[in-house]
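Structure file entry25.txt (compact mmCIF, C-alpha atoms) follows.
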```
# COMPACT_ATOMS: atom_id res chain seq x y z
CA MET R 1 -4.53 -6.84 11.65
CA PRO R 2 -4.37 -8.31 8.67
CA LEU R 3 -5.18 -5.20 6.65
CA ALA R 4 -6.50 -6.08 3.21
CA ARG R 5 -6.77 -3.71 0.27
CA LEU R 6 -9.14 -4.85 -2.44
CA SER R 7 -8.73 -3.13 -5.80
CA VAL R 8 -11.72 -3.90 -7.98
CA PRO R 9 -13.11 -2.66 -11.30
CA SER R 10 -15.90 -0.12 -10.85
CA HIS R 11 -18.45 -2.14 -12.81
CA LEU R 12 -18.57 -4.94 -10.21
CA SER R 13 -21.78 -4.96 -8.19
CA PRO R 14 -21.60 -4.20 -4.46
CA GLN R 15 -22.74 -7.77 -3.83
CA ARG R 16 -19.83 -9.24 -5.77
CA VAL R 17 -17.33 -6.95 -4.11
CA ARG R 18 -18.66 -7.88 -0.69
CA ALA R 19 -18.47 -11.55 -1.63
CA LEU R 20 -14.82 -11.15 -2.54
CA ALA R 21 -14.14 -9.36 0.73
CA ASP R 22 -15.89 -12.16 2.61
CA ALA R 23 -13.94 -14.77 0.67
CA VAL R 24 -10.62 -13.20 1.58
CA HIS R 25 -11.49 -12.83 5.23
CA GLN R 26 -12.89 -16.33 5.60
CA ALA R 27 -9.71 -17.71 4.08
CA LEU R 28 -7.53 -15.71 6.48
CA VAL R 29 -9.54 -17.09 9.39
CA SER R 30 -9.52 -20.70 8.25
CA THR R 31 -5.92 -20.93 7.06
CA CYS R 32 -3.86 -18.29 8.88
CA ASP R 33 -5.20 -18.28 12.45
CA VAL R 34 -6.78 -14.85 12.10
CA PRO R 35 -9.55 -14.27 14.67
CA PRO R 36 -12.95 -13.93 12.95
CA ASP R 37 -13.47 -10.42 14.28
CA ASP R 38 -9.95 -9.29 13.32
CA ARG R 39 -11.25 -7.87 10.06
CA PHE R 40 -9.92 -4.73 8.42
CA GLN R 41 -10.53 -4.23 4.70
CA LEU R 42 -10.39 -1.27 2.36
CA VAL R 43 -12.14 -1.48 -1.00
CA THR R 44 -11.18 0.81 -3.87
CA ARG R 45 -13.00 0.84 -7.18
CA PHE R 46 -11.09 1.64 -10.36
CA GLU R 47 -12.47 3.01 -13.59
CA ALA R 48 -11.53 1.31 -16.86
CA GLY R 49 -7.94 2.16 -17.70
CA ALA R 50 -6.88 2.72 -14.11
CA MET R 51 -6.12 -0.97 -13.56
CA ILE R 52 -3.39 -1.85 -16.02
CA LEU R 53 -3.19 -5.62 -15.71
CA ASP R 54 -1.60 -7.93 -18.21
CA PRO R 55 -4.39 -10.23 -19.43
CA ARG R 56 -2.30 -13.40 -19.48
CA PHE R 57 0.84 -13.35 -17.33
CA PRO R 58 1.93 -15.95 -16.23
CA GLY R 59 -0.29 -18.24 -18.24
CA VAL R 60 -3.72 -17.29 -16.89
CA GLU R 61 -6.64 -15.53 -18.60
CA ARG R 62 -7.75 -12.34 -16.91
CA THR R 63 -10.98 -10.59 -17.85
CA ALA R 64 -12.25 -7.08 -17.15
CA ASP R 65 -13.44 -8.43 -13.77
CA ALA R 66 -9.89 -9.06 -12.50
CA CYS R 67 -9.24 -7.91 -8.93
CA ILE R 68 -6.13 -7.43 -6.85
CA VAL R 69 -6.03 -8.26 -3.16
CA GLU R 70 -3.13 -6.89 -1.14
CA ILE R 71 -2.79 -8.15 2.41
CA THR R 72 -0.43 -6.76 5.03
CA PHE R 73 -0.12 -9.06 8.00
CA LEU R 74 2.31 -10.41 10.59
CA GLY R 75 5.36 -12.18 9.28
CA GLY R 76 5.91 -15.80 10.19
CA ARG R 77 3.25 -17.70 8.31
CA THR R 78 4.65 -20.81 6.65
CA PRO R 79 4.60 -21.36 2.88
CA GLU R 80 2.00 -24.05 3.52
CA LYS R 81 -0.32 -21.58 5.24
CA LYS R 82 0.13 -19.05 2.47
CA ARG R 83 -0.64 -21.67 -0.17
CA ALA R 84 -3.76 -22.66 1.75
CA LEU R 85 -4.75 -19.00 2.00
CA TYR R 86 -4.56 -18.54 -1.78
CA ARG R 87 -6.44 -21.78 -2.41
CA GLN R 88 -9.22 -21.03 0.07
CA ALA R 89 -9.68 -17.38 -0.84
CA VAL R 90 -10.02 -18.20 -4.51
CA ALA R 91 -12.27 -21.19 -3.86
CA HIS R 92 -14.62 -18.94 -1.89
CA ALA R 93 -14.44 -16.28 -4.61
CA VAL R 94 -15.25 -18.83 -7.30
CA ALA R 95 -18.22 -20.00 -5.25
CA ALA R 96 -19.36 -16.35 -5.31
CA GLY R 97 -19.14 -16.13 -9.09
CA PHE R 98 -15.56 -15.02 -9.76
CA ARG R 99 -13.28 -16.70 -12.25
CA ALA R 100 -10.23 -18.20 -10.54
CA ASP R 101 -7.89 -16.42 -12.92
CA ASP R 102 -9.35 -13.05 -11.97
CA VAL R 103 -8.11 -13.03 -8.37
CA MET R 104 -4.53 -11.95 -7.76
CA ILE R 105 -3.14 -11.80 -4.22
CA ALA R 106 0.00 -10.14 -2.88
CA LEU R 107 1.24 -10.36 0.71
CA THR R 108 3.42 -7.98 2.68
CA GLU R 109 4.63 -8.81 6.16
CA ASN R 110 5.43 -6.77 9.21
CA ALA R 111 5.87 -7.36 12.96
CA PRO R 112 3.55 -7.15 15.99
CA ILE R 113 5.15 -3.87 17.08
CA ASP R 114 4.14 -2.40 13.71
CA TRP R 115 0.44 -2.30 14.61
CA SER R 116 -1.65 -0.03 16.76
CA LEU R 117 -5.30 -1.01 16.61
CA GLY R 118 -6.50 1.98 18.60
CA ARG R 119 -5.98 4.10 21.70
CA GLY R 120 -2.43 4.93 20.68
CA GLU R 121 -1.23 1.59 22.03
CA ALA R 122 0.97 -0.94 20.30
CA TYR R 123 -0.78 -4.21 19.65
CA ALA R 124 -0.16 -6.64 22.48
CA GLY R 125 -0.57 -9.84 20.49
CA HIS R 126 2.04 -12.21 19.24
CA ALA R 127 3.32 -13.37 15.90
CA PRO R 128 1.49 -16.33 14.38
CA ALA R 129 2.83 -19.85 14.83
CA MET Y 1 10.24 9.59 3.29
CA PRO Y 2 7.98 8.30 5.49
CA LEU Y 3 5.10 7.92 3.07
CA ALA Y 4 1.77 7.90 4.89
CA ARG Y 5 -1.54 6.74 3.46
CA LEU Y 6 -4.57 8.00 5.32
CA SER Y 7 -7.79 6.13 4.62
CA VAL Y 8 -10.71 8.11 5.97
CA PRO Y 9 -14.51 7.97 5.73
CA SER Y 10 -15.89 10.38 3.17
CA HIS Y 11 -18.11 12.21 5.66
CA LEU Y 12 -15.14 13.65 7.59
CA SER Y 13 -14.66 17.37 7.01
CA PRO Y 14 -11.52 18.54 5.22
CA GLN Y 15 -10.51 20.24 8.45
CA ARG Y 16 -10.65 17.01 10.43
CA VAL Y 17 -8.79 15.09 7.76
CA ARG Y 18 -6.08 17.72 7.68
CA ALA Y 19 -5.87 17.64 11.48
CA LEU Y 20 -5.30 13.89 11.36
CA ALA Y 21 -2.62 14.31 8.71
CA ASP Y 22 -0.96 16.97 10.85
CA ALA Y 23 -1.19 14.73 13.92
CA VAL Y 24 0.54 11.87 12.16
CA HIS Y 25 3.30 14.04 10.77
CA GLN Y 26 3.96 15.88 14.01
CA ALA Y 27 4.26 12.54 15.78
CA LEU Y 28 6.73 11.24 13.19
CA VAL Y 29 8.84 14.35 13.67
CA SER Y 30 8.79 14.32 17.45
CA THR Y 31 9.25 10.59 18.03
CA CYS Y 32 11.00 9.11 15.00
CA ASP Y 33 13.58 11.71 13.98
CA VAL Y 34 11.75 12.61 10.77
CA PRO Y 35 12.75 16.07 9.47
CA PRO Y 36 9.78 18.48 9.63
CA ASP Y 37 9.81 19.05 5.88
CA ASP Y 38 10.09 15.33 5.09
CA ARG Y 39 6.35 15.08 4.64
CA PHE Y 40 4.63 12.87 2.10
CA GLN Y 41 1.00 11.93 2.68
CA LEU Y 42 -1.78 10.57 0.50
CA VAL Y 43 -5.37 10.90 1.66
CA THR Y 44 -8.11 8.65 0.28
CA ARG Y 45 -11.78 9.03 1.19
CA PHE Y 46 -13.98 5.97 1.33
CA GLU Y 47 -17.74 5.81 0.94
CA ALA Y 48 -19.79 3.91 3.51
CA GLY Y 49 -19.29 0.20 2.95
CA ALA Y 50 -15.86 0.55 1.39
CA MET Y 51 -14.12 0.49 4.78
CA ILE Y 52 -14.95 -2.84 6.34
CA LEU Y 53 -13.61 -2.46 9.86
CA ASP Y 54 -14.56 -4.61 12.80
CA PRO Y 55 -16.16 -2.24 15.33
CA ARG Y 56 -14.56 -3.82 18.42
CA PHE Y 57 -11.40 -5.87 17.74
CA PRO Y 58 -9.33 -6.12 19.94
CA GLY Y 59 -11.39 -4.59 22.69
CA VAL Y 60 -11.83 -1.06 21.39
CA GLU Y 61 -14.95 0.75 20.18
CA ARG Y 62 -14.77 2.03 16.63
CA THR Y 63 -17.33 4.42 15.21
CA ALA Y 64 -18.14 5.44 11.64
CA ASP Y 65 -15.31 7.99 11.97
CA ALA Y 66 -12.60 5.31 12.21
CA CYS Y 67 -9.50 5.95 10.09
CA ILE Y 68 -6.55 3.85 9.06
CA VAL Y 69 -3.06 5.27 8.79
CA GLU Y 70 -0.46 3.23 6.92
CA ILE Y 71 3.11 4.43 7.10
CA THR Y 72 5.99 3.11 5.03
CA PHE Y 73 9.32 4.24 6.42
CA LEU Y 74 12.91 3.20 6.96
CA GLY Y 75 13.45 0.10 9.05
CA GLY Y 76 15.42 0.37 12.24
CA ARG Y 77 13.20 2.32 14.61
CA THR Y 78 13.11 0.75 18.05
CA PRO Y 79 9.92 -0.58 19.65
CA GLU Y 80 10.13 2.35 22.06
CA LYS Y 81 10.07 4.84 19.20
CA LYS Y 82 7.16 3.07 17.55
CA ARG Y 83 5.21 3.06 20.82
CA ALA Y 84 5.90 6.78 21.21
CA LEU Y 85 4.77 7.35 17.63
CA TYR Y 86 1.41 5.67 18.26
CA ARG Y 87 0.95 7.53 21.54
CA GLN Y 88 1.80 10.93 20.10
CA ALA Y 89 -0.13 10.57 16.86
CA VAL Y 90 -3.28 9.57 18.70
CA ALA Y 91 -2.82 12.24 21.38
CA HIS Y 92 -2.62 14.89 18.64
CA ALA Y 93 -5.64 13.36 16.87
CA VAL Y 94 -7.66 13.36 20.07
CA ALA Y 95 -6.75 17.01 20.60
CA ALA Y 96 -8.22 17.60 17.14
CA GLY Y 97 -11.50 15.92 17.98
CA PHE Y 98 -10.93 12.26 17.12
CA ARG Y 99 -11.77 9.40 19.45
CA ALA Y 100 -8.64 7.46 20.41
CA ASP Y 101 -10.26 4.17 19.41
CA ASP Y 102 -10.89 5.47 15.89
CA VAL Y 103 -7.23 5.74 14.85
CA MET Y 104 -5.53 2.56 13.65
CA ILE Y 105 -1.91 2.63 12.51
CA ALA Y 106 0.11 0.08 10.54
CA LEU Y 107 3.81 0.36 9.74
CA THR Y 108 5.80 -1.17 6.91
CA GLU Y 109 9.55 -0.85 6.70
CA ASN Y 110 12.03 -0.64 3.88
CA ALA Y 111 15.65 0.48 3.38
CA PRO Y 112 17.32 3.74 2.31
CA ILE Y 113 18.07 2.32 -1.14
CA ASP Y 114 14.32 1.77 -1.59
CA TRP Y 115 13.59 5.49 -1.96
CA SER Y 116 14.05 7.95 -4.76
CA LEU Y 117 12.71 11.35 -3.79
CA GLY Y 118 13.20 12.89 -7.21
CA ARG Y 119 15.56 13.33 -10.16
CA GLY Y 120 15.88 9.59 -10.60
CA GLU Y 121 18.43 9.41 -7.81
CA ALA Y 122 18.45 7.03 -4.88
CA TYR Y 123 18.02 8.76 -1.57
CA ALA Y 124 21.38 9.59 -0.06
CA GLY Y 125 20.28 9.61 3.57
CA HIS Y 126 20.88 7.04 6.23
CA ALA Y 127 18.75 4.69 8.28
CA PRO Y 128 17.44 6.13 11.56
CA ALA Y 129 19.33 5.47 14.77
CA MET U 1 4.47 -9.19 -9.93
CA PRO U 2 5.88 -6.18 -9.50
CA LEU U 3 2.69 -4.43 -8.44
CA ALA U 4 2.96 -0.67 -8.95
CA ARG U 5 0.68 1.93 -7.45
CA LEU U 6 0.75 5.28 -9.21
CA SER U 7 -0.66 8.18 -7.22
CA VAL U 8 -1.17 11.15 -9.52
CA PRO U 9 -2.88 14.54 -9.31
CA SER U 10 -6.32 14.55 -10.91
CA HIS U 11 -5.49 17.30 -13.37
CA LEU U 12 -2.97 15.18 -15.30
CA SER U 13 -4.25 14.08 -18.69
CA PRO U 14 -4.86 10.37 -19.29
CA GLN U 15 -2.06 10.50 -21.85
CA ARG U 16 0.46 11.76 -19.32
CA VAL U 17 -0.63 9.26 -16.71
CA ARG U 18 -0.31 6.45 -19.21
CA ALA U 19 3.12 7.71 -20.20
CA LEU U 20 4.23 7.59 -16.56
CA ALA U 21 2.87 4.07 -16.22
CA ASP U 22 4.73 3.07 -19.37
CA ALA U 23 7.92 4.72 -18.11
CA VAL U 24 7.81 2.79 -14.85
CA HIS U 25 7.13 -0.52 -16.52
CA GLN U 26 9.78 -0.09 -19.21
CA ALA U 27 12.31 0.70 -16.50
CA LEU U 28 11.37 -2.41 -14.51
CA VAL U 29 11.83 -4.51 -17.63
CA SER U 30 15.14 -3.00 -18.68
CA THR U 31 16.80 -2.76 -15.27
CA CYS U 32 15.22 -5.36 -12.97
CA ASP U 33 14.69 -8.42 -15.16
CA VAL U 34 10.91 -8.09 -15.13
CA PRO U 35 9.28 -9.90 -18.07
CA PRO U 36 7.59 -7.41 -20.43
CA ASP U 37 4.16 -8.96 -19.91
CA ASP U 38 4.54 -9.08 -16.11
CA ARG U 39 2.71 -5.79 -15.77
CA PHE U 40 0.36 -4.93 -12.92
CA GLN U 41 -0.34 -1.27 -12.21
CA LEU U 42 -3.01 0.59 -10.28
CA VAL U 43 -3.54 4.28 -10.95
CA THR U 44 -5.25 6.51 -8.40
CA ARG U 45 -6.04 10.16 -9.03
CA PHE U 46 -6.00 12.62 -6.15
CA GLU U 47 -7.82 15.91 -5.90
CA ALA U 48 -5.90 18.99 -4.81
CA GLY U 49 -5.23 18.77 -1.11
CA ALA U 50 -5.31 14.99 -0.97
CA MET U 51 -1.63 14.70 -1.89
CA ILE U 52 0.28 16.45 0.87
CA LEU U 53 3.81 16.54 -0.49
CA ASP U 54 6.57 18.80 0.71
CA PRO U 55 7.54 20.96 -2.26
CA ARG U 56 11.28 20.85 -1.64
CA PHE U 57 12.50 17.95 0.53
CA PRO U 58 15.32 16.92 0.17
CA GLY U 59 16.53 19.68 -2.09
CA VAL U 60 14.28 19.19 -5.11
CA GLU U 61 11.49 21.36 -6.51
CA ARG U 62 8.13 19.67 -6.73
CA THR U 63 5.23 21.19 -8.64
CA ALA U 64 1.50 20.44 -8.59
CA ASP U 65 2.27 17.68 -11.12
CA ALA U 66 4.25 15.61 -8.61
CA CYS U 67 3.49 11.88 -8.62
CA ILE U 68 4.32 9.03 -6.28
CA VAL U 69 5.12 5.56 -7.58
CA GLU U 70 5.05 2.71 -5.08
CA ILE U 71 6.34 -0.63 -6.27
CA THR U 72 6.02 -3.91 -4.42
CA PHE U 73 8.28 -6.57 -5.86
CA LEU U 74 10.49 -9.51 -5.01
CA GLY U 75 13.33 -8.85 -2.63
CA GLY U 76 16.88 -9.44 -3.77
CA ARG U 77 17.53 -6.72 -6.32
CA THR U 78 20.92 -5.13 -5.82
CA PRO U 79 21.40 -1.44 -5.00
CA GLU U 80 22.83 -1.06 -8.50
CA LYS U 81 19.64 -2.39 -10.07
CA LYS U 82 17.49 -0.15 -7.92
CA ARG U 83 19.57 2.88 -8.86
CA ALA U 84 19.23 1.97 -12.52
CA LEU U 85 15.49 1.55 -12.06
CA TYR U 86 15.14 5.07 -10.64
CA ARG U 87 17.34 6.54 -13.35
CA GLN U 88 15.53 4.80 -16.20
CA ALA U 89 12.00 5.37 -14.93
CA VAL U 90 12.61 9.07 -14.51
CA ALA U 91 14.44 9.37 -17.83
CA HIS U 92 11.44 7.84 -19.59
CA ALA U 93 9.07 10.09 -17.63
CA VAL U 94 11.08 13.16 -18.56
CA ALA U 95 10.95 12.11 -22.20
CA ALA U 96 7.15 12.05 -21.78
CA GLY U 97 7.03 15.56 -20.42
CA PHE U 98 7.44 15.14 -16.66
CA ARG U 99 9.90 17.15 -14.61
CA ALA U 100 12.52 14.89 -13.00
CA ASP U 101 11.82 16.37 -9.57
CA ASP U 102 8.15 15.43 -9.81
CA VAL U 103 8.63 11.67 -9.76
CA MET U 104 9.10 10.01 -6.37
CA ILE U 105 9.53 6.25 -6.10
CA ALA U 106 9.27 3.95 -3.08
CA LEU U 107 9.99 0.21 -3.11
CA THR U 108 8.70 -2.52 -0.83
CA GLU U 109 9.95 -6.06 -1.07
CA ASN U 110 8.41 -9.44 -0.45
CA ALA U 111 9.14 -13.07 -1.37
CA PRO U 112 8.04 -15.41 -4.19
CA ILE U 113 5.67 -17.25 -1.84
CA ASP U 114 3.91 -13.93 -1.20
CA TRP U 115 2.33 -13.84 -4.66
CA SER U 116 -0.58 -15.62 -6.23
CA LEU U 117 -1.15 -14.42 -9.77
CA GLY U 118 -4.36 -16.36 -10.23
CA ARG U 119 -6.09 -19.73 -9.83
CA GLY U 120 -5.41 -19.77 -6.12
CA GLU U 121 -1.89 -20.99 -6.74
CA ALA U 122 1.32 -19.59 -5.29
CA TYR U 123 3.61 -18.13 -7.89
CA ALA U 124 6.06 -20.72 -9.09
CA GLY U 125 8.81 -18.34 -10.14
CA HIS U 126 12.05 -17.54 -8.44
CA ALA U 127 13.61 -14.53 -6.82
CA PRO U 128 15.59 -12.24 -9.10
CA ALA U 129 19.31 -12.63 -9.39
```

So that I can check it, write out the structure of this file as structure tokens.
Amino acid sequence: MPLARLSVPSHLSPQRVRALADAVHQALVSTCDVPPDDRFQLVTRFEAGAMILDPRFPGVERTADACIVEITFLGGRTPEKKRALYRQAVAHAVAAGFRADDVMIALTENAPIDWSLGRGEAYAGHAPA
Amino acid sequence: MPLARLSVPSHLSPQRVRALADAVHQALVSTCDVPPDDRFQLVTRFEAGAMILDPRFPGVERTADACIVEITFLGGRTPEKKRALYRQAVAHAVAAGFRADDVMIALTENAPIDWSLGRGEAYAGHAPA
Amino acid sequence: MPLARLSVPSHLSPQRVRALADAVHQALVSTCDVPPDDRFQLVTRFEAGAMILDPRFPGVERTADACIVEITFLGGRTPEKKRALYRQAVAHAVAAGFRADDVMIALTENAPIDWSLGRGEAYAGHAPA
């Protein structure tokens, strides 16, 4: 409840992809008050040519290993929390062998009523502080 | 003009996937004033390991059949309509053989001006009541 | 920073898919003040049956070549800019051989703080005028 979509090039090993997924989730837990077991991630692999990513905008250097992480989660996180999320996720990814310039993150927000985590029931939780 | 993305495990039969797609659309029609022919759905199958879904959060029991339904639609639906949408979609899915805990739904909202349904024209409809 | 997802039927040639991607990006540049090198696109191919698209809603005629373009970008563009975006993207697509009714576009907005384009840093740019 965050829901994260990881778009990765198909040549990445399963171990590296899993490390990126772990990096993103650990960062959500440590910076955005996400419960450790509140983990929902979808990984899609893209063949060469199916990820059309500028190699330099805005002043970085992307390689063929560049990945995109899209996270949909509850609105209300502060800019400080979002900055910490980016910092932590990329620090974990770098520790797992990624280049810092190869991790792009985009956030989309919604509201608690916009989630049903099962049983046909709206999620009963609250927006983050 | 809802646009629904169904993320399903690759072992599900085409019949079950179609039943889930039907369940979601029927629920949108019956609870959220979506015209019956206003149907736009994208189905993506994921190999084992590419859907990283906590098996229990928040107090449900997910199996390897768990699916995620993401719907982008016009903002303005009431909490009551969204609750009815979840209830109906999952009731239809259960009737088609799914476990209620295996259907997760996430909503994202936008505005009428955010849709072009063809011909390069902005959608001329109105937000839902 | 727009991030565009192109969902296309698997039978389209790589040349046509690339032409659609080019059409969308050129339109973003010419109508929505997107820098030419601010290009991030993900292309997913769908087998027959995995794109469930009504062939006529709302008064168009979709063929098996129909594509869906989802764009996430900064909020704040005016209705006029969005209308110009639709018009331009589809005009370019038509010039590349697409039928105008076969291109559907959906926009989702977020904020500058919702993007990290690399290095674990929040994007330092500003919202569009």

As an mmCIF file with C-alpha atoms, keeping the file's coordinate frame, please: chain U after a least-squares superposition onto chain Y using all C-alpha atoms matched in order.
```cif
data_model
loop_
_atom_site.group_PDB
_atom_site.id
_atom_site.type_symbol
_atom_site.label_atom_id
_atom_site.label_comp_id
_atom_site.auth_asym_id
_atom_site.auth_seq_id
_atom_site.Cartn_x
_atom_site.Cartn_y
_atom_site.Cartn_z
ATOM 1 C CA MET U 1 10.178 9.439 3.215
ATOM 2 C CA PRO U 2 7.992 8.307 5.490
ATOM 3 C CA LEU U 3 5.109 7.912 3.061
ATOM 4 C CA ALA U 4 1.774 7.889 4.891
ATOM 5 C CA ARG U 5 -1.518 6.737 3.464
ATOM 6 C CA LEU U 6 -4.563 8.011 5.317
ATOM 7 C CA SER U 7 -7.778 6.129 4.629
ATOM 8 C CA VAL U 8 -10.710 8.116 5.980
ATOM 9 C CA PRO U 9 -14.501 7.960 5.724
ATOM 10 C CA SER U 10 -15.900 10.385 3.164
ATOM 11 C CA HIS U 11 -18.092 12.204 5.653
ATOM 12 C CA LEU U 12 -15.143 13.649 7.598
ATOM 13 C CA SER U 13 -14.663 17.361 7.017
ATOM 14 C CA PRO U 14 -11.514 18.531 5.224
ATOM 15 C CA GLN U 15 -10.515 20.243 8.461
ATOM 16 C CA ARG U 16 -10.645 17.015 10.438
ATOM 17 C CA VAL U 17 -8.787 15.090 7.774
ATOM 18 C CA ARG U 18 -6.094 17.734 7.686
ATOM 19 C CA ALA U 19 -5.870 17.645 11.464
ATOM 20 C CA LEU U 20 -5.301 13.882 11.355
ATOM 21 C CA ALA U 21 -2.625 14.323 8.709
ATOM 22 C CA ASP U 22 -0.971 16.978 10.854
ATOM 23 C CA ALA U 23 -1.193 14.748 13.930
ATOM 24 C CA VAL U 24 0.540 11.879 12.162
ATOM 25 C CA HIS U 25 3.291 14.045 10.766
ATOM 26 C CA GLN U 26 3.955 15.886 14.024
ATOM 27 C CA ALA U 27 4.260 12.538 15.777
ATOM 28 C CA LEU U 28 6.735 11.241 13.188
ATOM 29 C CA VAL U 29 8.832 14.359 13.672
ATOM 30 C CA SER U 30 8.779 14.329 17.458
ATOM 31 C CA THR U 31 9.239 10.601 18.036
ATOM 32 C CA CYS U 32 10.990 9.113 14.993
ATOM 33 C CA ASP U 33 13.570 11.709 13.973
ATOM 34 C CA VAL U 34 11.747 12.623 10.773
ATOM 35 C CA PRO U 35 12.737 16.077 9.483
ATOM 36 C CA PRO U 36 9.770 18.485 9.631
ATOM 37 C CA ASP U 37 9.809 19.059 5.875
ATOM 38 C CA ASP U 38 10.085 15.332 5.080
ATOM 39 C CA ARG U 39 6.338 15.093 4.643
ATOM 40 C CA PHE U 40 4.614 12.870 2.100
ATOM 41 C CA GLN U 41 0.984 11.941 2.692
ATOM 42 C CA LEU U 42 -1.787 10.565 0.515
ATOM 43 C CA VAL U 43 -5.380 10.910 1.661
ATOM 44 C CA THR U 44 -8.101 8.647 0.292
ATOM 45 C CA ARG U 45 -11.763 9.027 1.184
ATOM 46 C CA PHE U 46 -13.989 5.966 1.346
ATOM 47 C CA GLU U 47 -17.732 5.812 0.944
ATOM 48 C CA ALA U 48 -19.775 3.906 3.505
ATOM 49 C CA GLY U 49 -19.291 0.212 2.954
ATOM 50 C CA ALA U 50 -15.863 0.543 1.388
ATOM 51 C CA MET U 51 -14.119 0.504 4.769
ATOM 52 C CA ILE U 52 -14.942 -2.843 6.333
ATOM 53 C CA LEU U 53 -13.608 -2.466 9.854
ATOM 54 C CA ASP U 54 -14.562 -4.598 12.805
ATOM 55 C CA PRO U 55 -16.158 -2.257 15.335
ATOM 56 C CA ARG U 56 -14.550 -3.809 18.399
ATOM 57 C CA PHE U 57 -11.397 -5.865 17.735
ATOM 58 C CA PRO U 58 -9.320 -6.130 19.916
ATOM 59 C CA GLY U 59 -11.366 -4.603 22.685
ATOM 60 C CA VAL U 60 -11.834 -1.066 21.381
ATOM 61 C CA GLU U 61 -14.948 0.744 20.167
ATOM 62 C CA ARG U 62 -14.755 2.026 16.629
ATOM 63 C CA THR U 63 -17.320 4.431 15.213
ATOM 64 C CA ALA U 64 -18.135 5.439 11.636
ATOM 65 C CA ASP U 65 -15.307 7.989 11.970
ATOM 66 C CA ALA U 66 -12.607 5.313 12.196
ATOM 67 C CA CYS U 67 -9.499 5.958 10.095
ATOM 68 C CA ILE U 68 -6.548 3.835 9.060
ATOM 69 C CA VAL U 69 -3.054 5.282 8.796
ATOM 70 C CA GLU U 70 -0.465 3.239 6.925
ATOM 71 C CA ILE U 71 3.108 4.438 7.110
ATOM 72 C CA THR U 72 5.988 3.134 5.039
ATOM 73 C CA PHE U 73 9.327 4.241 6.409
ATOM 74 C CA LEU U 74 12.911 3.198 6.975
ATOM 75 C CA GLY U 75 13.459 0.102 9.044
ATOM 76 C CA GLY U 76 15.424 0.343 12.258
ATOM 77 C CA ARG U 77 13.187 2.299 14.602
ATOM 78 C CA THR U 78 13.099 0.753 18.048
ATOM 79 C CA PRO U 79 9.917 -0.592 19.656
ATOM 80 C CA GLU U 80 10.133 2.347 22.055
ATOM 81 C CA LYS U 81 10.061 4.836 19.190
ATOM 82 C CA LYS U 82 7.152 3.070 17.553
ATOM 83 C CA ARG U 83 5.213 3.075 20.813
ATOM 84 C CA ALA U 84 5.897 6.778 21.207
ATOM 85 C CA LEU U 85 4.777 7.357 17.631
ATOM 86 C CA TYR U 86 1.419 5.673 18.275
ATOM 87 C CA ARG U 87 0.950 7.527 21.544
ATOM 88 C CA GLN U 88 1.804 10.933 20.097
ATOM 89 C CA ALA U 89 -0.135 10.564 16.856
ATOM 90 C CA VAL U 90 -3.274 9.568 18.697
ATOM 91 C CA ALA U 91 -2.823 12.240 21.365
ATOM 92 C CA HIS U 92 -2.637 14.886 18.643
ATOM 93 C CA ALA U 93 -5.644 13.357 16.871
ATOM 94 C CA VAL U 94 -7.648 13.366 20.083
ATOM 95 C CA ALA U 95 -6.751 17.012 20.601
ATOM 96 C CA ALA U 96 -8.225 17.603 17.123
ATOM 97 C CA GLY U 97 -11.482 15.918 17.981
ATOM 98 C CA PHE U 98 -10.920 12.256 17.108
ATOM 99 C CA ARG U 99 -11.762 9.417 19.458
ATOM 100 C CA ALA U 100 -8.633 7.459 20.429
ATOM 101 C CA ASP U 101 -10.258 4.179 19.407
ATOM 102 C CA ASP U 102 -10.876 5.472 15.892
ATOM 103 C CA VAL U 103 -7.241 5.742 14.851
ATOM 104 C CA MET U 104 -5.521 2.566 13.658
ATOM 105 C CA ILE U 105 -1.905 2.638 12.511
ATOM 106 C CA ALA U 106 0.106 0.081 10.537
ATOM 107 C CA LEU U 107 3.819 0.363 9.737
ATOM 108 C CA THR U 108 5.806 -1.166 6.904
ATOM 109 C CA GLU U 109 9.549 -0.844 6.707
ATOM 110 C CA ASN U 110 12.025 -0.641 3.877
ATOM 111 C CA ALA U 111 15.639 0.478 3.382
ATOM 112 C CA PRO U 112 17.328 3.742 2.319
ATOM 113 C CA ILE U 113 18.066 2.321 -1.140
ATOM 114 C CA ASP U 114 14.321 1.774 -1.589
ATOM 115 C CA TRP U 115 13.591 5.490 -1.955
ATOM 116 C CA SER U 116 14.043 7.959 -4.748
ATOM 117 C CA LEU U 117 12.703 11.359 -3.777
ATOM 118 C CA GLY U 118 13.185 12.861 -7.211
ATOM 119 C CA ARG U 119 15.575 13.323 -10.141
ATOM 120 C CA GLY U 120 15.897 9.596 -10.617
ATOM 121 C CA GLU U 121 18.429 9.420 -7.820
ATOM 122 C CA ALA U 122 18.445 7.032 -4.876
ATOM 123 C CA TYR U 123 18.022 8.759 -1.563
ATOM 124 C CA ALA U 124 21.375 9.578 -0.068
ATOM 125 C CA GLY U 125 20.300 9.591 3.561
ATOM 126 C CA HIS U 126 20.878 7.026 6.229
ATOM 127 C CA ALA U 127 18.756 4.714 8.296
ATOM 128 C CA PRO U 128 17.450 6.117 11.566
ATOM 129 C CA ALA U 129 19.304 5.475 14.764
#
```

**OP:** Please report as an NGL selection string which residues of chain R come no farther than 8 Å from chain Y, using only C-alpha atoms.
**Re:** :R and (37-44 or 109-110 or 113-122)

**OP:** Considering all atoms listed in the file, return as a list of chain:residue names whatever protein or nucleic-acid residues lie within 6 Å of Ala23 (chain Y), sequence-local ones (same chain, fewer than 2 positions apart) excluded.
**Re:**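 Contacts, in chain order: Y:Leu20, Y:Ala21, Y:His25, Y:Gln26, Y:Ala89, Y:His92, Y:Ala93.
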